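Notes to accompany the following structure.
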Amino acid sequence: MSELFKDIPEFVETSIGESVTARTETLATFRELGPPDLCQVVKSSGSKTAQKDLGSYHYCSGVEASSSASLAAYLNSLQFSVEEDTAWFGKGNGWRVRSGTYCCFNAFSRVDMRVDVKIPGGVDAYVVDLRGDKHAATPDLWQETYLSALLRAIRYADDASYRLAGYRKLDPITTPEAEERFLKAAEALFFKGWQLGSDPEVQVATVVTNHLTSAVVKYFADSFRLDRAANLFERMMINEPEVAALLAKSYIGMNEEIKAVKIMHSALSTNPQSYPILHTQCDFLLSKGKPEWAQQIAQQAVNSAPSEFVTWSKLTETYIELNQFDQALLTLNSCPMFTFNERDLHRMPTPLKTHLPIKKFIAESGILDEDSARDNEADVALIRLPAPGLRGTFAKAYSLLTLLVSKIGWDELLKTRSQVFVMEEEYRLHKTTASIDLNGHADENTSTAGIRSSSDVDGASRGPNTPSDIPTIRISTESARTPNGTISHHHHEKKESQQMDTVLEKPEIAQTTEEPHSPIGMKFDAPNQGEQGEDQDQEGGEEGSQPSAFANKRLCERWLDNLFLVLYEDLRVYTIWRAEISHFKTQHMSYRKTGTEWEILGELASRLHHKEEAKDAFQRCLDGKFSAKALIKLLEMYATEGDLQRTLNAAIRLTTYHHRWYMDAAYPSMIAHYLFKLGLIHGHAKIQYTLLSMNLPVGIFEIMQGYMKYGATFNVEGSEF
C-alpha cells in the first residue's frame with residue numbers, strides 16, 4: 001500500500017500520537033540505559049480540503065543524537081522511503097511525511113529528549129521529565145543524550161533480551177572523526193557513569209563497573225583495538241586510581257602483560273581493597289595456571305566487597321580450578337543473589353496495523369527460509385526445561401554449578417553436597433532424636449544443635465542482599481514445593497524418567513533456609529552455622545545430650561537447592577538423549593528430531609559444557625529449519641576453530657537474517673567481531689578471495705563488504721586492503 005514505507009518497519013497507530021503518549025507514561029519505569037529511540041511520523045495525502053492523515057512509528061538506534069539538527073535530518077530522510085503511488089505525478093496527492101517526533105532517552109539525567117519536525121516548517125527541541133513536564137534543551141543535556149544513544153547501540157547490539165519487532169539498527173559510529181567524538185564524550189561524562197547502572201551481576205555500580213565503561217571496553221575489544229580504550233583509561237586513572245583495573249585489562253588484551261602487571265602492582269600498593277583490581281589480577285593468574293594464588297586474591301576481594309555477588313562467584317571459580325569442590329559448593333551457597341530487572345522497553349497500545357517489509361534483494365537471495373523458521377514443534381519435556389529461564393545472578397550461579405558437575409560428575413556432586421549441607425531426612429532424624437528426653441518423653445523445646453528449619457527463619461529479618469522473590473522453578477518431574485520450603489515426596493515421574501532412575505540418581509532433598517546472607521566475618525574454613533552448632537553442641541553436652549552429626553554443616557540456600565533440581569532435569573534429559581542416540585546407532589537406525597528439538601538439545605549440551613555434542617545438534621538443527629540461535633553458536637565455534645569457509649557461511653546466513661529484521665549496523669556486532677578474528681588468523685586478502693569465490697547475490701556481497709570496509713576504515717588488524 002502506498003501509505004506505508006518501502007523498506008522500514010512501522011506500526012500504524014489507532015490514534016495519531018498514541019505511541020508518544022504511551023512513552024511519556026512509561027518514562028518513570030526506565031531504570032538503566034533506557035529503551036530504544038522512538039520515531040513517530042504523520043503521513044498525509046490528498047488536497048488541503050480533503051486531507052487524510054496516518055500516524056505510525058518504529059524503533060531505532062544508531063541515529064546521531066548530538067543535536068536537534070541530526071535528529072531532524074533522520075526524520076526528513078524518511079520522506080524518501082514512502083512507497084510511490086504510480087499515479088502521484090498525475091494528481092499530486094500521493095502520501096508524504098508531513099511531520100514527526102523523535103524521542104531519545106537521556107540515561108544520565110533521566111529525561112526524554114524530543115524533537116518535533118514539520119515538513120516543510122520548523123524544528124522544535126525540548127525535554128520531557130519523568131512527570132511529563134516540558135523543559136528547555138541545554139548543551140549539557142544534548143551531550144548526555146548523544147552518549148546515552150551510543151551506549152545503548154553498543155551495549156545492546158547483540159542482546160537477545162533487548163530485541164523487539166520493528167527495531168531498526170543503524171551504524172552508530174561510521175568515521176574515525178565520529179569515534180573521536182564518542183571518546184571525548186565518554187571522557188567528559190566518565191565520572192557520571194555510575195548513574196547508568198551496571199551488569200545484573202553487580203549490585204552497586206561504581207566509576208569502574210558501569211554501562212559506560214563496559215560499552216567502551218566492548219566497542220574496542222570486539223575490534224581488537226584496545227589501545228584506544230587504554231588511552232582513555234590512562235587519563236581517567238589520574239583522578240580515580242581504581243580505573244587501573246580497566247587499564248590493566250586493556251593492556252592484557254593487547255598482550256602487554258608486563259605493563260599490566262606493573263599497573264596492578266602499583267594500584268594495589270595504594271588501594272589494596274579494590275575488588276575490581278583484585279579481580280583483574282585474579283583473572284590474570286588463572287590464565288597463567290596459578291589457581292592457588294588466584295584463590296588468595298579472590299578471598300581478599302570477598303573481604304573487600306562481601307555484599308557483591310561477583311566476588312563470591314570469582315572465589316567459587318578459583319576453588320573449582322583447585323579441585324576443592326566442597327569449598328566451591330559452600331562458597332557458591334554464600335553468594336548474595338539479586339532480583340533480575342528486565343531491560344527497559346516500551347509498553348505500547350496494540351497497533352492498528354503492523355508493517356514489516358522485506359527488502360527485495362533479501363527475498364530473492366534464497367538464503368532465508370522463513371517458513372521453516374516458524375517450525376516450533378518440539379517435545380513438551382524439552383520445551384519445559386527450566387534452565388533457559390534463569391537470568392542475572394541465578395544464571396551465573398547455575399553456570400558455576402554446571403561447571404562443577406562437568407568436572408566431577410553427578411554422583412560425586414551429590415556426595416559432596418550431602419557432605420557440606422544438611423539433608424532434609426538427616427535433619428528430621430536428628431530433630432526426632434533430639435526431641436526425646438532421657439525418660440523417653442517428647443520435649444519440644446530441646447535444642448536442635450543450632451540448626452533452624454526454614455519455618456523457624458521465616459520471621460527473621462531479611463538482609464539487604466537477599467531478594468524477596470527468590471524464583472521457584474517448577475520442573476516437569478517434580479511436584480510443587482510445600483510452604484516450609486521442602487519438596488513433596490509424592491513425585492509423579494514420567495515413564496522415561498523412571499527408566500533412567502538407575503542411570504541418574506535423583507538429588508536427595510536438602511534442608512533449606514531463607515536466612516539473610518551474612519557474609520561479613522565469615523570464615524572460609526568453617527561456616528558460621530557450623531560454628532554456632534559446635535557451641536550449642538557443647539552446651540547440650542553439658543546437659544547430657546549427644547553432639548550433632550552435622551554440627552559443621554550448613555543449611556543449603558533455597559535458591560541453590562532449586563538450582564540442583566534444575567540441573568537434575570537438564571542432566572536427565574541429556575542422559576536420555578545420548579542413550580537414545582547410542583541405541584539408534586547400535587541398531588543402525590536413523591535418529592530423527594525436529595529442527596526446534598535439535599536447537600533445544602544444542603543449547604542443553606552447551607549449558608552442560610559438551611561442546612562437540614552441542615555443535616552436532618546445532619548443525620542438525622539447521623538441516624531442519626532456519627535458526628538464528630544455532631547460527632550464532634556455530635559462528636562462535638567455527639571462528640574459534642579458525643574454520644574460514646564454515647565461519648563465512650554462518651556469517652552470511654546470519655547477516656541476511658539481521659538485515660531482514662532491520663539490524664543494518666555493521667559494527668558493533670558479533671558477526672564483525674568474528675570476521676575480524678578470522679582476519680587475524682587468515683588475513684584480509686584470503687577472506688576477500690573466499691567471498692568472491694562464493695558467487696553471492698550482489699546485495700549480500702555488498703553487506704559482507706561493509707564489515708571489511710569498517711575494518712579498513714578503523715585500521716583493524718588483519719583488515720588492511
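Residue numbers start at 1 in each chain; chains themselves are named A, B, ... in the order of the C-alpha cells; ligands are numbered from 1 in the order shown.
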Give me the residues near Tyr251 in chain A as a ChimeraX atom specification, where near means some atom within 12 Å (using only C-alpha atoms) and where sequence neighbours in that chain fewer than 2 positions away do not count. /A:217,221,224-231,233-234,244-249,253-264,280,284
Excluding Trp194 in chain A and its own-chain neighbours fewer than 4 positions away, which residues fall within 10 Å of it when counting only C-alpha atoms? Please give them as a ChimeraX atom specification. /A:108,190,198,204-213
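Every protein or nucleic acid residue with an atom no more than 10 Å from Leu563 in chain A, counting only C-alpha atoms and leaving out same-chain residues fewer than 5 positions away, appears here: Pro386, Ala387, Leu390, Phe394, Ala395, Ala397, Tyr398, Leu401, Thr402, Pro471, Thr472, Ile473, Arg558, Tyr568 and Glu569 of chain A.
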Next, write the just-selected residues to a file, as an mmCIF file, in the first residue's frame, keeping N, CA, C and O atoms as the atom set.
data_model
loop_
_atom_site.group_PDB
_atom_site.id
_atom_site.type_symbol
_atom_site.label_atom_id
_atom_site.label_comp_id
_atom_site.auth_asym_id
_atom_site.auth_seq_id
_atom_site.Cartn_x
_atom_site.Cartn_y
_atom_site.Cartn_z
ATOM 1 N N PRO A 386 13.589 -25.805 32.564
ATOM 2 C CA PRO A 386 13.564 -24.527 33.276
ATOM 3 C C PRO A 386 14.830 -23.685 33.141
ATOM 4 O O PRO A 386 14.786 -22.479 33.325
ATOM 5 N N ALA A 387 15.969 -24.308 32.843
ATOM 6 C CA ALA A 387 17.243 -23.585 32.866
ATOM 7 C C ALA A 387 17.283 -22.360 31.942
ATOM 8 O O ALA A 387 17.851 -21.334 32.323
ATOM 9 N N LEU A 390 16.496 -18.855 33.485
ATOM 10 C CA LEU A 390 17.304 -18.222 34.536
ATOM 11 C C LEU A 390 17.921 -16.930 34.013
ATOM 12 O O LEU A 390 18.353 -16.847 32.857
ATOM 13 N N PHE A 394 21.245 -15.661 39.088
ATOM 14 C CA PHE A 394 20.824 -17.061 39.095
ATOM 15 C C PHE A 394 21.396 -17.800 37.887
ATOM 16 O O PHE A 394 21.781 -18.969 37.988
ATOM 17 N N ALA A 395 21.461 -17.141 36.744
ATOM 18 C CA ALA A 395 22.055 -17.766 35.556
ATOM 19 C C ALA A 395 23.547 -17.991 35.755
ATOM 20 O O ALA A 395 24.088 -19.038 35.382
ATOM 21 N N ALA A 397 25.142 -18.323 38.671
ATOM 22 C CA ALA A 397 25.314 -19.372 39.674
ATOM 23 C C ALA A 397 25.083 -20.747 39.046
ATOM 24 O O ALA A 397 25.793 -21.716 39.351
ATOM 25 N N TYR A 398 24.111 -20.824 38.166
ATOM 26 C CA TYR A 398 23.837 -22.105 37.507
ATOM 27 C C TYR A 398 24.989 -22.517 36.598
ATOM 28 O O TYR A 398 25.334 -23.701 36.515
ATOM 29 N N LEU A 401 27.475 -24.114 38.714
ATOM 30 C CA LEU A 401 27.037 -25.445 39.127
ATOM 31 C C LEU A 401 27.239 -26.457 37.995
ATOM 32 O O LEU A 401 27.675 -27.591 38.229
ATOM 33 N N THR A 402 26.944 -26.053 36.766
ATOM 34 C CA THR A 402 27.162 -26.958 35.625
ATOM 35 C C THR A 402 28.651 -27.194 35.398
ATOM 36 O O THR A 402 29.054 -28.278 34.976
ATOM 37 N N PRO A 471 13.251 -17.017 42.842
ATOM 38 C CA PRO A 471 12.402 -17.774 41.914
ATOM 39 C C PRO A 471 12.345 -19.249 42.261
ATOM 40 O O PRO A 471 13.356 -19.869 42.542
ATOM 41 N N THR A 472 11.147 -19.779 42.309
ATOM 42 C CA THR A 472 10.952 -21.210 42.474
ATOM 43 C C THR A 472 10.501 -21.748 41.131
ATOM 44 O O THR A 472 9.451 -21.376 40.640
ATOM 45 N N ILE A 473 11.325 -22.599 40.532
ATOM 46 C CA ILE A 473 11.071 -23.054 39.182
ATOM 47 C C ILE A 473 10.440 -24.434 39.214
ATOM 48 O O ILE A 473 10.987 -25.372 39.790
ATOM 49 N N ARG A 558 17.788 -21.819 49.713
ATOM 50 C CA ARG A 558 16.675 -22.372 48.945
ATOM 51 C C ARG A 558 16.884 -22.210 47.441
ATOM 52 O O ARG A 558 16.552 -23.094 46.655
ATOM 53 N N TYR A 568 19.315 -31.298 37.713
ATOM 54 C CA TYR A 568 18.871 -32.687 37.559
ATOM 55 C C TYR A 568 18.017 -32.845 36.308
ATOM 56 O O TYR A 568 18.172 -33.812 35.551
ATOM 57 N N GLU A 569 17.114 -31.915 36.089
ATOM 58 C CA GLU A 569 16.244 -32.006 34.913
ATOM 59 C C GLU A 569 17.053 -31.901 33.626
ATOM 60 O O GLU A 569 16.829 -32.637 32.668
#
Check range 95-294 of chain A with DSSP on the backbone and list each residue it calls alpha helix (DSSP H), as a ChimeraX atom specification. /A:139-155,176-188,211-221,226-237,244-253,257-270,275-287,291-294
Near range 15-31 of chain A, 12 Å: range 169-242 of chain A residue rows, closest pairs, only C-alpha atoms, as CSV:
residue,atom,partner,partner_atom,distance
A:Gln195,CA,A:Arg31,CA,10.0
A:Leu196,CA,A:Arg31,CA,8.2
A:Gly197,CA,A:Arg31,CA,7.9
A:Ser198,CA,A:Arg31,CA,10.7
Output C-alpha atoms of each residue in that selection to a file, as a compact mmCIF listing (two decimals), in the first residue's frame.
# COMPACT_ATOMS: atom_id res chain seq x y z
CA GLN A 195 24.45 6.72 37.39
CA LEU A 196 23.69 4.43 34.42
CA GLY A 197 23.66 1.16 36.34
CA SER A 198 25.69 -1.94 35.53
Which residues are near range 404-409 of chain A? Cut-off 9 Å, only C-alpha atoms, ignore same chain within fewer than 6 positions. Put them as a list in words. Ile320, Asn323, Phe325, Ala328, Leu329, Leu608, His609 and His610 of chain A
Take the residues from that selection and put them in a file with N, CA and C atoms, as an mmCIF file, in the first residue's frame.
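out_21.cif was written with the following content:
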data_model
loop_
_atom_site.group_PDB
_atom_site.id
_atom_site.type_symbol
_atom_site.label_atom_id
_atom_site.label_comp_id
_atom_site.auth_asym_id
_atom_site.auth_seq_id
_atom_site.Cartn_x
_atom_site.Cartn_y
_atom_site.Cartn_z
ATOM 1 N N ILE A 320 36.995 -24.221 42.164
ATOM 2 C CA ILE A 320 36.767 -25.254 41.144
ATOM 3 C C ILE A 320 38.070 -25.579 40.433
ATOM 4 N N ASN A 323 40.190 -27.797 42.352
ATOM 5 C CA ASN A 323 39.566 -29.094 42.639
ATOM 6 C C ASN A 323 39.130 -29.221 44.097
ATOM 7 N N PHE A 325 36.182 -28.966 45.605
ATOM 8 C CA PHE A 325 34.783 -28.865 45.211
ATOM 9 C C PHE A 325 33.845 -28.641 46.392
ATOM 10 N N ALA A 328 34.052 -25.011 46.980
ATOM 11 C CA ALA A 328 33.364 -24.323 45.875
ATOM 12 C C ALA A 328 31.864 -24.302 46.126
ATOM 13 N N LEU A 329 31.315 -25.420 46.588
ATOM 14 C CA LEU A 329 29.884 -25.508 46.837
ATOM 15 C C LEU A 329 29.477 -24.631 48.016
ATOM 16 N N LEU A 608 25.729 -27.609 29.506
ATOM 17 C CA LEU A 608 26.398 -28.648 30.299
ATOM 18 C C LEU A 608 27.850 -28.854 29.871
ATOM 19 N N HIS A 609 28.363 -27.946 29.014
ATOM 20 C CA HIS A 609 29.773 -27.928 28.617
ATOM 21 C C HIS A 609 30.177 -29.131 27.752
ATOM 22 N N HIS A 610 29.241 -29.619 26.958
ATOM 23 C CA HIS A 610 29.537 -30.678 25.987
ATOM 24 C C HIS A 610 29.588 -30.029 24.603
#
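Relative to CA of Asp379 in chain A, CA of Lys593 in chain A is found at 9.3 Å.
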Determine, counting only C-alpha atoms, which protein, DNA and RNA residues have an atom within 9 Å of an atom of Pro697 in chain A; residues of the same chain fewer than 3 positions away are not included. Present the result as a JSON list (two decimals) with N, CA, C and O atoms, in the first residue's frame.
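Listing of around-v2.json after writing:
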[["chain", "number", "residue", "atom", "x", "y", "z"],
["A", 361, "PHE", "N", 16.19, -7.64, -2.41],
["A", 361, "PHE", "CA", 17.37, -8.48, -2.66],
["A", 361, "PHE", "C", 17.49, -9.61, -1.64],
["A", 361, "PHE", "O", 18.06, -10.66, -1.92],
["A", 362, "ILE", "N", 16.92, -9.40, -0.43],
["A", 362, "ILE", "CA", 16.94, -10.47, 0.57],
["A", 362, "ILE", "C", 15.93, -11.55, 0.21],
["A", 362, "ILE", "O", 16.21, -12.75, 0.30],
["A", 364, "GLU", "N", 14.94, -12.32, -2.69],
["A", 364, "GLU", "CA", 15.38, -13.03, -3.91],
["A", 364, "GLU", "C", 16.64, -13.85, -3.68],
["A", 364, "GLU", "O", 17.01, -14.65, -4.54],
["A", 365, "SER", "N", 17.32, -13.65, -2.56],
["A", 365, "SER", "CA", 18.59, -14.34, -2.34],
["A", 365, "SER", "C", 18.41, -15.84, -2.10],
["A", 365, "SER", "O", 19.30, -16.64, -2.39],
["A", 700, "ILE", "N", 23.89, -9.13, -0.97],
["A", 700, "ILE", "CA", 24.50, -9.83, 0.16],
["A", 700, "ILE", "C", 26.01, -9.59, 0.16],
["A", 700, "ILE", "O", 26.62, -9.36, 1.22],
["A", 701, "PHE", "N", 26.62, -9.62, -1.02],
["A", 701, "PHE", "CA", 28.06, -9.39, -1.11],
["A", 701, "PHE", "C", 28.41, -7.99, -0.62],
["A", 701, "PHE", "O", 29.41, -7.79, 0.09],
["A", 702, "GLU", "N", 27.59, -7.01, -0.96],
["A", 702, "GLU", "CA", 27.85, -5.63, -0.52],
["A", 702, "GLU", "C", 27.75, -5.51, 1.00],
["A", 702, "GLU", "O", 28.51, -4.76, 1.62]]
Spatial neighbours of range 11-13 of chain A, 12 Å, only C-alpha atoms, chain gap at least 5 places, as a PyMOL selection string: chain A and resi 3-5+18-22+38-43+53-59+165-167+348-357
